[in-house]
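Shown next: protein-v4.cif, containing mmCIF, C-alpha atoms.
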```
data_entry
loop_
_atom_site.label_atom_id
_atom_site.label_comp_id
_atom_site.auth_asym_id
_atom_site.auth_seq_id
_atom_site.Cartn_x
_atom_site.Cartn_y
_atom_site.Cartn_z
CA SER V 1 -9.68 74.37 86.76
CA THR V 2 -10.29 71.79 89.46
CA TRP V 3 -13.17 69.49 90.06
CA GLY V 4 -13.35 67.71 93.37
CA ASN V 5 -9.81 66.48 94.02
CA LEU V 6 -9.03 66.13 90.32
CA SER V 7 -7.81 68.71 87.87
CA LEU V 8 -9.76 68.84 84.60
CA GLU V 9 -6.45 69.58 82.87
CA PHE V 10 -5.46 65.91 83.29
CA MET V 11 -8.79 64.38 82.22
CA ALA V 12 -9.78 63.36 78.70
CA GLU V 13 -12.58 65.37 77.17
CA VAL V 14 -15.32 64.13 74.86
CA HIS V 15 -17.82 66.25 72.90
CA PHE V 16 -21.08 64.97 71.41
CA ILE V 17 -22.69 67.41 68.98
CA GLY V 18 -25.70 66.45 66.91
CA GLN V 19 -29.45 66.29 66.86
CA VAL V 20 -32.46 64.12 67.51
CA HIS V 21 -33.47 64.21 63.87
CA SER V 22 -36.70 62.32 63.28
CA ALA V 23 -38.96 59.35 64.01
CA PHE V 24 -40.58 57.06 61.46
CA GLY V 25 -42.40 53.75 61.23
CA PHE V 26 -44.82 54.41 64.10
CA PRO V 27 -48.51 53.56 63.71
CA SER V 28 -49.70 57.07 64.59
CA ASN V 29 -48.90 60.71 63.91
CA SER V 30 -48.33 63.53 66.40
CA LEU V 31 -45.05 62.28 67.91
CA PHE V 32 -42.47 63.73 70.28
CA CYS V 33 -39.29 62.32 71.78
CA LYS V 34 -37.83 62.42 75.29
CA TRP V 35 -34.06 61.81 75.31
CA GLU V 36 -31.37 61.40 77.96
CA PHE V 37 -27.63 60.79 77.99
CA GLU V 38 -26.27 58.16 80.40
CA ALA V 39 -22.55 57.97 81.14
CA GLY V 40 -20.66 55.89 83.70
CA HIS V 41 -22.01 53.02 85.71
CA SER V 42 -23.82 53.16 89.01
CA GLY V 43 -21.25 53.88 91.68
CA SER V 44 -18.74 55.02 89.05
CA HIS V 45 -17.41 58.56 89.19
CA GLY V 46 -15.51 58.51 85.90
CA TRP V 47 -17.72 60.83 83.81
CA ARG V 48 -18.61 64.47 84.49
CA VAL V 49 -20.66 66.90 82.42
CA VAL V 50 -18.58 70.02 81.77
CA THR V 51 -21.23 71.85 79.71
CA GLY V 52 -24.46 70.98 77.98
CA ILE V 53 -27.86 69.56 78.78
CA THR V 54 -28.07 65.79 79.23
CA LYS V 55 -31.83 65.31 78.89
CA GLY V 56 -34.71 66.98 77.16
CA ARG V 57 -37.78 66.73 74.99
CA THR V 58 -38.53 67.63 71.40
CA GLN V 59 -41.56 69.45 70.09
CA VAL V 60 -44.59 67.52 68.85
CA ASP V 61 -44.55 67.02 65.08
CA MET V 62 -47.51 65.87 63.05
CA PRO V 63 -46.67 64.70 59.52
CA GLU V 64 -49.24 65.58 56.87
CA ASP V 65 -50.32 62.08 55.85
CA GLU V 66 -53.40 60.64 57.53
CA GLY V 67 -52.21 57.04 57.87
CA GLY V 68 -49.46 57.70 60.38
CA THR V 69 -46.66 56.43 58.13
CA GLY V 70 -44.94 59.81 57.70
CA VAL V 71 -41.69 60.98 59.20
CA ALA V 72 -41.96 63.18 62.31
CA MET V 73 -39.19 65.77 62.03
CA PHE V 74 -37.64 67.11 65.24
CA ALA V 75 -34.18 68.50 64.34
CA HIS V 76 -33.62 68.97 68.09
CA PRO V 77 -30.00 70.05 68.80
CA ILE V 78 -27.74 68.23 71.26
CA ASP V 79 -24.36 69.50 72.48
CA VAL V 80 -22.78 67.82 75.53
CA HIS V 81 -19.18 68.12 76.71
CA TYR V 82 -17.84 65.48 79.14
CA ALA V 83 -14.61 65.13 81.08
CA CYS V 84 -13.71 61.53 81.89
CA GLU V 85 -11.21 59.54 83.92
CA THR V 86 -12.00 56.26 82.19
CA ILE V 87 -13.72 54.87 79.12
CA LYS V 88 -15.70 52.54 81.35
CA GLY V 89 -19.37 53.42 81.07
CA TRP V 90 -19.08 55.08 77.62
CA PRO V 91 -22.10 57.34 77.04
CA ARG V 92 -25.30 56.19 75.44
CA ILE V 93 -28.48 58.02 74.58
CA LYS V 94 -31.86 56.70 75.68
CA VAL V 95 -35.04 57.75 73.91
CA GLU V 96 -38.74 57.46 74.56
CA VAL V 97 -41.01 58.18 71.60
CA TRP V 98 -44.48 59.36 72.59
CA HIS V 99 -47.74 59.92 70.70
CA GLN V 100 -49.93 62.86 71.67
CA ASP V 101 -53.63 62.28 71.01
CA GLN V 102 -56.25 64.86 69.99
CA TYR V 103 -56.94 65.65 73.66
CA GLY V 104 -53.27 66.32 74.49
CA ARG V 105 -52.77 63.00 76.33
CA ALA V 106 -49.36 61.37 75.85
CA GLU V 107 -49.10 57.64 75.14
CA LEU V 108 -45.87 55.69 74.91
CA ALA V 109 -44.93 54.62 71.39
CA GLY V 110 -41.52 53.08 72.13
CA TYR V 111 -38.29 52.89 74.15
CA GLY V 112 -34.77 52.60 72.73
CA PHE V 113 -31.09 53.38 73.23
CA VAL V 114 -27.78 53.40 71.39
CA HIS V 115 -24.18 53.74 72.55
CA LEU V 116 -22.51 56.81 71.09
CA PRO V 117 -19.56 56.34 68.72
CA ALA V 118 -16.14 56.12 70.38
CA SER V 119 -14.25 57.46 67.37
CA PRO V 120 -14.33 60.96 65.89
CA GLY V 121 -16.36 61.67 62.79
CA HIS V 122 -19.86 62.15 61.40
CA PHE V 123 -22.36 59.40 62.18
CA GLU V 124 -26.04 58.77 61.59
CA LEU V 125 -27.37 56.53 64.34
CA GLU V 126 -30.71 54.73 64.04
CA ILE V 127 -32.34 53.68 67.29
CA ARG V 128 -34.76 50.77 67.11
CA THR V 129 -37.57 51.07 69.62
CA TRP V 130 -39.82 48.63 71.43
CA ARG V 131 -42.61 48.75 73.98
CA PRO V 132 -44.11 46.28 76.45
CA LYS V 133 -46.81 44.01 75.08
CA LEU V 134 -50.26 44.19 76.64
CA SER V 135 -52.47 41.29 77.59
CA PHE V 136 -55.96 41.11 76.12
CA TRP V 137 -57.52 42.78 79.19
CA GLU V 138 -54.84 45.49 79.33
CA SER V 139 -55.42 46.18 75.62
CA LEU V 140 -59.16 46.47 76.19
CA LYS V 141 -58.65 48.84 79.12
CA ALA V 142 -56.20 50.98 77.09
CA TRP V 143 -58.71 51.17 74.22
CA LEU V 144 -61.58 52.16 76.54
CA VAL V 145 -59.84 54.67 78.84
CA GLY V 146 -56.59 55.44 77.02
CA GLY V 147 -53.06 54.96 78.22
CA SER V 148 -50.22 52.74 77.17
CA PRO V 149 -47.85 50.20 78.73
CA GLU V 150 -44.86 51.77 80.50
CA LEU V 151 -41.85 50.48 82.37
CA VAL V 152 -41.58 51.43 86.03
CA SER V 153 -38.48 51.45 88.21
#
```
Would you write out, as structure tokens, the structure that this file holds?
Amino acid sequence: STWGNLSLEFMAEVHFIGQVHSAFGFPSNSLFCKWEFEAGHSGSHGWRVVTGITKGRTQVDMPEDEGGTGVAMFAHPIDVHYACETIKGWPRIKVEVWHQDQYGRAELAGYGFVHLPASPGHFELEIRTWRPKLSFWESLKAWLVGGSPELVS
């Protein structure tokens, strides 16, 4: 088959098959995860999605324990097939972990990313997350009216 001016027959192919498994260590229960693959650099045309979905969202999971120290299980499947001209801009997966409160409002719990392995095999990747720190007044406002710090582009 052809794609643009290039034939896919002469491009390397890479498959990523796995799952967004779980989240743990967050101060609250009722978590969900938004995820997105990024491949290539801005202005680079070296990576193309052949099949698969490159972004999505898990279901909300609420572990049984009351303290918020449980593991939120997602087991959300991922299956993406790329064709590439170059290894420049190797794919990574970005995640946003969110907390859903009792009223259905979503608050950011953390951002994170990890580059995907460049060698074949079975891997378990752990993504450390972070979130912007609030000032005293921003913390007070968030406590009174809800919300959480978020990055904007």
task: Excluding stretch 54-65 of chain V and any residue of its chain fewer than 3 positions from it, enumerate the residues within 7 Å of it, using all atoms listed in the file, and give them as a VMD selection string.
output: chain V and resid 29 to 37 68 70 to 74 76 80
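Interatomic distance, atom CA of V:Pro117 to atom CA of V:Gly25: 24.2 Å.
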Cut-off 7 Å around (-46.0, 53.6, 67.6) with all atoms listed in the file: residues as a PDB file with C-alpha atoms, in the frame of the given file:
```pdb
ATOM      1  CA  PHE V  26     -44.820  54.410  64.100  1.00  0.00           C
ATOM      2  CA  PRO V  27     -48.510  53.560  63.710  1.00  0.00           C
ATOM      3  CA  SER V  28     -49.700  57.070  64.590  1.00  0.00           C
ATOM      4  CA  ALA V 109     -44.930  54.620  71.390  1.00  0.00           C
ATOM      5  CA  GLY V 110     -41.520  53.080  72.130  1.00  0.00           C
TER       6      GLY V 110
END
```
query: Between atom CA of V:Tyr111 and atom CA of V:Pro91, what is the spacing in Å?
result: 17.0 Å
message: At a cut-off of 10 Å around the point (-34.7, 53.5, 72.1) (file coordinates), what residues fall inside when counting all atoms listed in the file? I'd like the answer as a VMD selection string.
response: chain V and resid 33 to 35 93 to 97 110 to 114 126 to 131
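Atom pair atom CA of V:Tyr82 / atom CA of V:Leu116: separated by 12.7 Å.
When only C-alpha atoms are used to compute distances to V:Thr86, the closest of the residues V:Trp98, V:Arg48, V:His21, V:His115 turns out to be V:Arg48.
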